[in-house]
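Asker: Below is the file structure-v5.pdb, with PDB, C-alpha atoms.
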ATOM      1  CA  MET A  95       0.000   0.000   0.000
ATOM      2  CA  THR A  96       1.581   3.261  -1.139
ATOM      3  CA  ASN A  97       0.654   6.947  -1.334
ATOM      4  CA  LEU A  98      -1.818   6.691   1.501
ATOM      5  CA  THR A  99      -3.527  10.037   2.088
ATOM      6  CA  PRO A 100      -5.229  11.350   5.241
ATOM      7  CA  GLU A 101      -8.541  11.284   3.374
ATOM      8  CA  THR A 102      -8.111   7.606   2.459
ATOM      9  CA  LEU A 103      -7.112   6.873   6.031
ATOM     10  CA  LEU A 104     -10.323   8.379   7.415
ATOM     11  CA  ARG A 105     -12.437   6.467   4.896
ATOM     12  CA  ALA A 106     -10.730   3.267   6.017
ATOM     13  CA  TYR A 107     -11.445   3.992   9.677
ATOM     14  CA  ALA A 108     -15.086   4.561   8.781
ATOM     15  CA  VAL A 109     -15.380   0.925   7.655
ATOM     16  CA  GLY A 110     -13.285  -0.541  10.468
ATOM     17  CA  LEU A 111      -9.818  -0.759   8.877
ATOM     18  CA  PHE A 112      -6.536   0.626  10.182
ATOM     19  CA  PRO A 113      -2.957   0.521   8.824
ATOM     20  CA  MET A 114       0.173  -1.051  10.294
ATOM     21  CA  ALA A 115       3.758  -1.645   9.206
ATOM     22  CA  GLU A 116       5.640  -4.887   9.842
ATOM     23  CA  HIS A 117       8.285  -2.895  11.743
ATOM     24  CA  ARG A 118       9.374   0.722  12.201
ATOM     25  CA  ASP A 119      11.862   0.615   9.294
ATOM     26  CA  ASP A 120       9.456  -1.032   6.858
ATOM     27  CA  GLN A 121       8.215   1.345   4.158
ATOM     28  CA  THR A 122       5.108  -0.733   3.383
ATOM     29  CA  LEU A 123       1.774  -0.408   5.171
ATOM     30  CA  TYR A 124      -0.998  -2.974   5.167
ATOM     31  CA  TRP A 125      -4.642  -2.809   6.225
ATOM     32  CA  VAL A 126      -5.761  -4.645   9.352
ATOM     33  CA  ASP A 127      -9.337  -5.823   9.928
ATOM     34  CA  PRO A 128      -9.305  -8.080  13.022
ATOM     35  CA  GLU A 129     -11.812 -10.895  13.249
ATOM     36  CA  LYS A 130     -12.087 -10.075  16.963
ATOM     37  CA  ARG A 131     -12.077  -6.397  17.909
ATOM     38  CA  GLY A 132     -11.285  -4.852  21.261
ATOM     39  CA  ILE A 133     -13.423  -2.070  22.684
ATOM     40  CA  LEU A 134     -13.538  -0.306  26.042
ATOM     41  CA  PRO A 135     -17.190   0.175  27.092
ATOM     42  CA  PHE A 136     -17.644   3.487  28.886
ATOM     43  CA  ASN A 137     -20.264   2.178  31.298
ATOM     44  CA  ASP A 138     -18.010  -0.672  32.464
ATOM     45  CA  PHE A 139     -14.788   1.306  32.765
ATOM     46  CA  HIS A 140     -12.836   0.126  35.823
ATOM     47  CA  ILE A 141     -10.126   2.084  37.606
ATOM     48  CA  PRO A 142      -7.852   0.210  40.047
ATOM     49  CA  ARG A 143      -7.948   1.764  43.515
ATOM     50  CA  ARG A 144      -4.271   2.661  43.597
ATOM     51  CA  LEU A 145      -4.500   4.316  40.184
ATOM     52  CA  ARG A 146      -7.602   6.218  41.279
ATOM     53  CA  ARG A 147      -5.574   7.691  44.142
ATOM     54  CA  THR A 148      -2.748   8.600  41.762
ATOM     55  CA  VAL A 149      -5.162  10.411  39.441
ATOM     56  CA  ARG A 150      -6.655  12.365  42.330
ATOM     57  CA  GLN A 151      -3.229  13.304  43.678
ATOM     58  CA  GLY A 152      -2.448  15.079  40.420
ATOM     59  CA  LYS A 153       1.112  13.737  40.257
ATOM     60  CA  PHE A 154       1.129  14.227  36.491
ATOM     61  CA  GLU A 155       0.163  17.308  34.552
ATOM     62  CA  VAL A 156      -2.145  16.105  31.787
ATOM     63  CA  ARG A 157      -2.249  17.993  28.503
ATOM     64  CA  CYS A 158      -3.840  17.324  25.128
ATOM     65  CA  ASN A 159      -2.398  17.930  21.663
ATOM     66  CA  THR A 160       0.631  19.910  22.823
ATOM     67  CA  SER A 161       3.237  17.356  21.681
ATOM     68  CA  PHE A 162       1.392  15.023  19.324
ATOM     69  CA  THR A 163       4.359  14.058  17.157
ATOM     70  CA  GLU A 164       6.529  13.449  20.220
ATOM     71  CA  VAL A 165       3.857  11.120  21.616
ATOM     72  CA  ILE A 166       3.589   9.026  18.468
ATOM     73  CA  ARG A 167       7.382   8.819  18.141
ATOM     74  CA  ALA A 168       7.634   7.745  21.779
ATOM     75  CA  CYS A 169       5.031   5.042  21.081
ATOM     76  CA  ALA A 170       7.256   3.798  18.236
ATOM     77  CA  ALA A 171      10.486   3.841  20.248
ATOM     78  CA  PRO A 172      11.969   0.646  21.714
ATOM     79  CA  SER A 173      11.039   0.055  25.338
ATOM     80  CA  GLU A 174      11.277  -2.633  27.970
ATOM     81  CA  GLY A 175       9.538  -5.721  26.653
ATOM     82  CA  ARG A 176       8.979  -4.147  23.206
ATOM     83  CA  CYS A 177      11.899  -4.013  20.798
ATOM     84  CA  GLU A 178       9.893  -3.524  17.617
ATOM     85  CA  SER A 179       6.997  -1.303  16.534
ATOM     86  CA  TRP A 180       4.387  -1.211  13.783
ATOM     87  CA  ILE A 181       4.670   2.609  13.619
ATOM     88  CA  ASN A 182       6.896   3.747  10.741
ATOM     89  CA  ASP A 183       7.725   7.233   9.437
ATOM     90  CA  GLU A 184       4.733   7.293   7.078
ATOM     91  CA  ILE A 185       2.352   6.594   9.961
ATOM     92  CA  VAL A 186       3.983   9.362  11.996
ATOM     93  CA  ALA A 187       3.519  11.829   9.127
ATOM     94  CA  LEU A 188      -0.060  10.753   8.319
ATOM     95  CA  TYR A 189      -1.342  10.920  11.880
ATOM     96  CA  THR A 190       0.430  14.202  12.525
ATOM     97  CA  THR A 191      -1.502  15.614   9.576
ATOM     98  CA  LEU A 192      -4.731  14.193  11.021
ATOM     99  CA  ASN A 193      -3.893  15.921  14.302
ATOM    100  CA  GLU A 194      -3.361  19.224  12.512
ATOM    101  CA  ARG A 195      -6.779  18.772  10.894
ATOM    102  CA  GLY A 196      -8.511  17.926  14.176
ATOM    103  CA  HIS A 197      -9.024  14.214  13.499
ATOM    104  CA  ALA A 198      -6.313  12.816  15.798
ATOM    105  CA  HIS A 199      -5.528  13.692  19.391
ATOM    106  CA  SER A 200      -2.908  12.988  22.012
ATOM    107  CA  VAL A 201      -3.345  12.835  25.771
ATOM    108  CA  GLU A 202      -0.020  13.495  27.467
ATOM    109  CA  ALA A 203       1.305  12.944  30.990
ATOM    110  CA  TRP A 204       4.014  15.395  32.058
ATOM    111  CA  LEU A 205       6.234  15.256  35.131
ATOM    112  CA  ASP A 206       8.687  18.027  35.994
ATOM    113  CA  GLN A 207       8.162  19.498  32.514
ATOM    114  CA  ARG A 208       9.074  16.171  30.860
ATOM    115  CA  LEU A 209       6.775  14.114  28.652
ATOM    116  CA  VAL A 210       6.740  10.767  30.473
ATOM    117  CA  GLY A 211       3.684   9.033  29.057
ATOM    118  CA  GLY A 212       0.704   9.355  26.810
ATOM    119  CA  LEU A 213      -1.455   7.968  24.064
ATOM    120  CA  TYR A 214      -2.924   9.009  20.728
ATOM    121  CA  GLY A 215      -5.850   8.065  18.539
ATOM    122  CA  VAL A 216      -8.237   9.045  15.773
ATOM    123  CA  SER A 217     -11.571  10.798  16.215
ATOM    124  CA  LEU A 218     -14.364  10.271  13.701
ATOM    125  CA  GLY A 219     -18.014  10.972  14.403
ATOM    126  CA  ALA A 220     -18.706   9.763  17.938
ATOM    127  CA  ALA A 221     -15.986   7.085  17.704
ATOM    128  CA  PHE A 222     -12.449   7.285  19.031
ATOM    129  CA  PHE A 223      -9.891   4.788  17.759
ATOM    130  CA  GLY A 224      -7.113   4.281  20.289
ATOM    131  CA  GLU A 225      -3.831   3.629  18.515
ATOM    132  CA  SER A 226      -0.932   3.295  20.927
ATOM    133  CA  MET A 227       0.412   4.427  24.293
ATOM    134  CA  PHE A 228       3.766   4.697  26.017
ATOM    135  CA  SER A 229       5.145   5.271  29.488
ATOM    136  CA  THR A 230       8.598   5.966  30.913
ATOM    137  CA  VAL A 231       7.305   6.523  34.455
ATOM    138  CA  ARG A 232       5.011   4.184  36.360
ATOM    139  CA  ASP A 233       1.288   4.851  35.795
ATOM    140  CA  ALA A 234       1.848   7.682  33.291
ATOM    141  CA  SER A 235       0.055   5.992  30.382
ATOM    142  CA  LYS A 236      -2.668   4.688  32.708
ATOM    143  CA  VAL A 237      -3.385   8.201  33.969
ATOM    144  CA  ALA A 238      -3.537   9.363  30.347
ATOM    145  CA  LEU A 239      -6.085   6.623  29.602
ATOM    146  CA  VAL A 240      -8.278   7.678  32.516
ATOM    147  CA  HIS A 241      -8.175  11.263  31.272
ATOM    148  CA  LEU A 242      -8.971  10.113  27.738
ATOM    149  CA  VAL A 243     -12.102   8.248  28.826
ATOM    150  CA  ALA A 244     -13.196  11.201  30.974
ATOM    151  CA  ARG A 245     -12.883  13.486  27.956
ATOM    152  CA  LEU A 246     -14.686  11.086  25.636
ATOM    153  CA  LYS A 247     -17.600  10.824  28.048
ATOM    154  CA  LYS A 248     -17.691  14.611  28.353
ATOM    155  CA  GLY A 249     -17.718  14.876  24.555
ATOM    156  CA  LYS A 250     -20.550  12.304  24.321
ATOM    157  CA  TYR A 251     -18.571   9.758  22.326
ATOM    158  CA  SER A 252     -20.218   6.353  22.111
ATOM    159  CA  LEU A 253     -17.368   4.069  21.010
ATOM    160  CA  LEU A 254     -13.752   3.621  22.145
ATOM    161  CA  ASP A 255     -11.947   1.165  19.883
ATOM    162  CA  THR A 256      -8.813  -0.475  21.330
ATOM    163  CA  GLN A 257      -8.191  -2.625  18.218
ATOM    164  CA  PHE A 258      -6.824  -5.562  20.236
ATOM    165  CA  ILE A 259      -7.091  -6.751  23.839
ATOM    166  CA  THR A 260      -4.064  -6.688  26.139
ATOM    167  CA  ASN A 261      -3.697  -7.468  29.837
ATOM    168  CA  HIS A 262      -3.082  -3.762  30.340
ATOM    169  CA  LEU A 263      -6.452  -2.878  28.811
ATOM    170  CA  SER A 264      -8.368  -5.794  30.308
ATOM    171  CA  GLN A 265      -7.893  -4.422  33.821
ATOM    172  CA  PHE A 266      -9.887  -1.358  32.739
ATOM    173  CA  GLY A 267     -12.792  -3.423  31.393
ATOM    174  CA  ALA A 268     -11.845  -3.830  27.739
ATOM    175  CA  VAL A 269     -13.707  -6.648  25.988
ATOM    176  CA  GLU A 270     -13.481  -8.468  22.691
ATOM    177  CA  MET A 271     -16.291  -8.676  20.185
ATOM    178  CA  PRO A 272     -16.837 -10.120  16.690
ATOM    179  CA  ARG A 273     -16.007  -7.960  13.689
ATOM    180  CA  SER A 274     -19.680  -7.802  12.658
ATOM    181  CA  GLY A 275     -20.761  -6.485  16.050
ATOM    182  CA  PHE A 276     -18.001  -3.882  16.037
ATOM    183  CA  ARG A 277     -19.057  -2.646  12.607
ATOM    184  CA  GLN A 278     -22.602  -2.169  13.847
ATOM    185  CA  LEU A 279     -21.389  -0.093  16.796
ATOM    186  CA  LEU A 280     -19.116   1.878  14.481
ATOM    187  CA  ALA A 281     -21.895   2.611  11.988
ATOM    188  CA  SER A 282     -24.083   3.881  14.816
ATOM    189  CA  ALA A 283     -21.268   6.064  16.212
ATOM    190  CA  LEU A 284     -20.639   7.624  12.810
ATOM    191  CA  ASP A 285     -24.231   8.869  12.701
ATOM    192  CA  TYR A 286     -23.299  11.420  15.371
ATOM    193  CA  SER A 287     -20.747  14.189  15.640
ATOM    194  CA  SER A 288     -18.588  14.695  18.722
ATOM    195  CA  THR A 289     -15.963  17.292  19.540
ATOM    196  CA  PHE A 290     -12.901  16.131  21.455
ATOM    197  CA  PRO A 291     -12.717  18.106  24.734
ATOM    198  CA  VAL A 292      -9.138  19.274  25.181
ATOM    199  CA  GLU A 293      -9.872  20.838  28.575
ATOM    200  CA  LEU A 294     -11.182  18.991  31.621
ATOM    201  CA  SER A 295     -11.772  20.745  34.930
ATOM    202  CA  LYS A 296     -10.952  19.205  38.313
ATOM    203  CA  LEU A 297     -14.655  19.046  39.072
ATOM    204  CA  GLU A 298     -15.387  17.251  35.794
ATOM    205  CA  LEU A 299     -12.586  14.781  36.478
ATOM    206  CA  GLU A 300     -13.824  14.101  40.010
ATOM    207  CA  THR A 301     -17.403  13.640  38.775
ATOM    208  CA  PHE A 302     -16.118  11.144  36.227
ATOM    209  CA  LEU A 303     -14.101   9.240  38.847
ATOM    210  CA  GLN A 304     -17.133   8.959  41.081
ATOM    211  CA  SER A 305     -19.160   7.559  38.177
ATOM    212  CA  THR A 306     -16.750   4.696  37.514
ATOM    213  CA  THR A 307     -16.478   1.356  39.236
ATOM    214  CA  HIS A 308     -13.729   0.407  41.684
ATOM    215  CA  LYS A 309     -11.406  -2.477  41.071
ATOM    216  CA  SER A 310      -8.675  -3.663  43.430
TER
END
Show me the file's structure as structure tokens.
Answerer:
Amino acid sequence: MTNLTPETLLRAYAVGLFPMAEHRDDQTLYWVDPEKRGILPFNDFHIPRRLRRTVRQGKFEVRCNTSFTEVIRACAAPSEGRCESWINDEIVALYTTLNERGHAHSVEAWLDQRLVGGLYGVSLGAAFFGESMFSTVRDASKVALVHLVARLKKGKYSLLDTQFITNHLSQFGAVEMPRSGFRQLLASALDYSSTFPVELSKLELETFLQSTTHKS
């Protein structure tokens, strides 16, 4: 797959496809359409008790869209337990363009003025497609995920796609569903328009935390 444009990328997301590279130095992208799709239901979002305390303590400063390209490059960088990445230079460029056009967003965790964790994804209609996350400090990416879900609920999104299920996501309530069921949810979400809320007040965050379930 060559000469992929942002417009083509959005059309692909609208039918449930997303691109990946075999590794970060591979120049070829291919479409992925998993038979089983991971989603994170908003109404069943769990926050571990210790993480809930960390979020309330405000250890990290959470920002949105201030360092999008740095977030996606950090997601592609080698880390403990992950030597390779499916994010190549073309993906970095494409999603940065989507961010500039308001269709991709990053949620960033900062500590002592350093970017130490975060995530990014694509926004289309009332659906948000989570792409990748990274962390160099304990809990940084998890705090970013909590803030993401709080913002999506504030913005009245109806679908959070996680693509695949990991142990990391399962602890928050992520579930797997057949491709056909995912496409139905996606089609419904695309009937509505949501605006990604960059700002989230302390009161809005606390209200969100109180609305979620506890998990040890």
Asker: Please report the interatomic distance between atom CA of A:Ser288 and atom CA of A:Arg195 in Å with one decimal.
Answerer: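 Atom-to-atom, atom CA of A:Ser288 and atom CA of A:Arg195 are spaced 14.7 Å apart.
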Asker: Exactly which residues make up the result of the PyMOL selection byres ((chain A and resi 206) around 12) on this file, given as a list in words?
Answerer: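 After applying the PyMOL selection byres ((chain A and resi 206) around 12), what remains is Lys153, Phe154, Glu155, Val156, Ala203, Trp204, Leu205, Gln207, Arg208, Leu209, Val210 and Val231 of chain A.
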Asker: Please, what distance in Å, to one decimal, runs between atom CA of A:Leu98 and atom CA of A:Val165?
Answerer: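 Those two atoms sit 21.4 Å apart.
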Asker: Once the PyMOL selection byres ((chain A and resi 169) around 8) is applied to the coordinates I shared, what remains selected? I want it as a list in words.
Answerer: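 Answer for the PyMOL selection byres ((chain A and resi 169) around 8): Val165, Ile166, Arg167, Ala168, Ala170, Ala171, Ile181, Leu213, Ser226, Met227 and Phe228 of chain A.
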Asker: Report as a list in words the full result of the PyMOL selection byres ((chain A and resi 274) around 12) when it is applied to this structure.
Answerer: Val109, Gly110, Asp127, Pro128, Glu129, Lys130, Arg131, Glu270, Met271, Pro272, Arg273, Gly275, Phe276, Arg277, Gln278, Leu279, Leu280 and Ala281 of chain A
Asker: Which is closer to A:Ile133 than all the others in A:Asn97, A:Ser179, A:Ser264, A:Thr230, using all atoms listed in the file?
Answerer: A:Ser264
Asker: Place a sphere of radius 6 Å on (-17.6, 12.7, 19.8) in the file coordinates and name every protein, DNA or RNA residue with an atom inside or on its surface, counting only C-alpha atoms; give the answer as a PDB file with C-alpha atoms, in the frame of the given file.
Answerer:
ATOM      1  CA  GLY A 219     -18.014  10.972  14.403  1.00  0.00           C
ATOM      2  CA  ALA A 220     -18.706   9.763  17.938  1.00  0.00           C
ATOM      3  CA  GLY A 249     -17.718  14.876  24.555  1.00  0.00           C
ATOM      4  CA  LYS A 250     -20.550  12.304  24.321  1.00  0.00           C
ATOM      5  CA  TYR A 251     -18.571   9.758  22.326  1.00  0.00           C
ATOM      6  CA  SER A 287     -20.747  14.189  15.640  1.00  0.00           C
ATOM      7  CA  SER A 288     -18.588  14.695  18.722  1.00  0.00           C
ATOM      8  CA  THR A 289     -15.963  17.292  19.540  1.00  0.00           C
TER       9      THR A 289
END
Asker: In Å to one decimal, how far is atom CA of A:Thr163 from atom CA of A:Glu298?
Answerer: 27.3 Å
Asker: Pick from A:His241, A:His262, A:His197, A:Arg147: nearest to A:Tyr107, with all atoms listed in the file counted?
Answerer: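 Checking each candidate against A:Tyr107, we get A:His197 as the closest.
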Asker: Dig up all the protein and nucleic acid residues within 12 Å of (-11.8, 13.3, 26.6) in the file frame, using all atoms listed in the file, and format them as a compact mmCIF listing (two decimals) with C-alpha atoms, keeping the file's coordinate frame.
Answerer:
# COMPACT_ATOMS: atom_id res chain seq x y z
CA PHE A 136 -17.64 3.49 28.89
CA VAL A 156 -2.14 16.10 31.79
CA ARG A 157 -2.25 17.99 28.50
CA CYS A 158 -3.84 17.32 25.13
CA ASN A 159 -2.40 17.93 21.66
CA HIS A 199 -5.53 13.69 19.39
CA SER A 200 -2.91 12.99 22.01
CA VAL A 201 -3.34 12.84 25.77
CA GLU A 202 -0.02 13.50 27.47
CA LEU A 213 -1.46 7.97 24.06
CA TYR A 214 -2.92 9.01 20.73
CA GLY A 215 -5.85 8.06 18.54
CA SER A 217 -11.57 10.80 16.22
CA ALA A 220 -18.71 9.76 17.94
CA ALA A 221 -15.99 7.08 17.70
CA PHE A 222 -12.45 7.28 19.03
CA GLY A 224 -7.11 4.28 20.29
CA ALA A 238 -3.54 9.36 30.35
CA LEU A 239 -6.08 6.62 29.60
CA VAL A 240 -8.28 7.68 32.52
CA HIS A 241 -8.18 11.26 31.27
CA LEU A 242 -8.97 10.11 27.74
CA VAL A 243 -12.10 8.25 28.83
CA ALA A 244 -13.20 11.20 30.97
CA ARG A 245 -12.88 13.49 27.96
CA LEU A 246 -14.69 11.09 25.64
CA LYS A 247 -17.60 10.82 28.05
CA LYS A 248 -17.69 14.61 28.35
CA GLY A 249 -17.72 14.88 24.56
CA LYS A 250 -20.55 12.30 24.32
CA TYR A 251 -18.57 9.76 22.33
CA SER A 252 -20.22 6.35 22.11
CA LEU A 254 -13.75 3.62 22.14
CA SER A 288 -18.59 14.70 18.72
CA THR A 289 -15.96 17.29 19.54
CA PHE A 290 -12.90 16.13 21.46
CA PRO A 291 -12.72 18.11 24.73
CA VAL A 292 -9.14 19.27 25.18
CA GLU A 293 -9.87 20.84 28.58
CA LEU A 294 -11.18 18.99 31.62
CA SER A 295 -11.77 20.74 34.93
CA GLU A 298 -15.39 17.25 35.79
CA LEU A 299 -12.59 14.78 36.48
CA PHE A 302 -16.12 11.14 36.23
Asker: Between A:Gly196, A:Phe162, A:Leu218, A:Val269, which has the minimum distance to A:Ala106 (counting all atoms listed in the file)?
Answerer: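 Using all atoms listed in the file, the shortest distance to A:Ala106 belongs to A:Leu218.
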Asker: Can you work out which one of A:Ser282, A:Thr260, A:Thr148, A:Asn182 has the shortest atom-to-atom distance to A:Ala234, counting only C-alpha atoms?
Answerer: A:Thr148
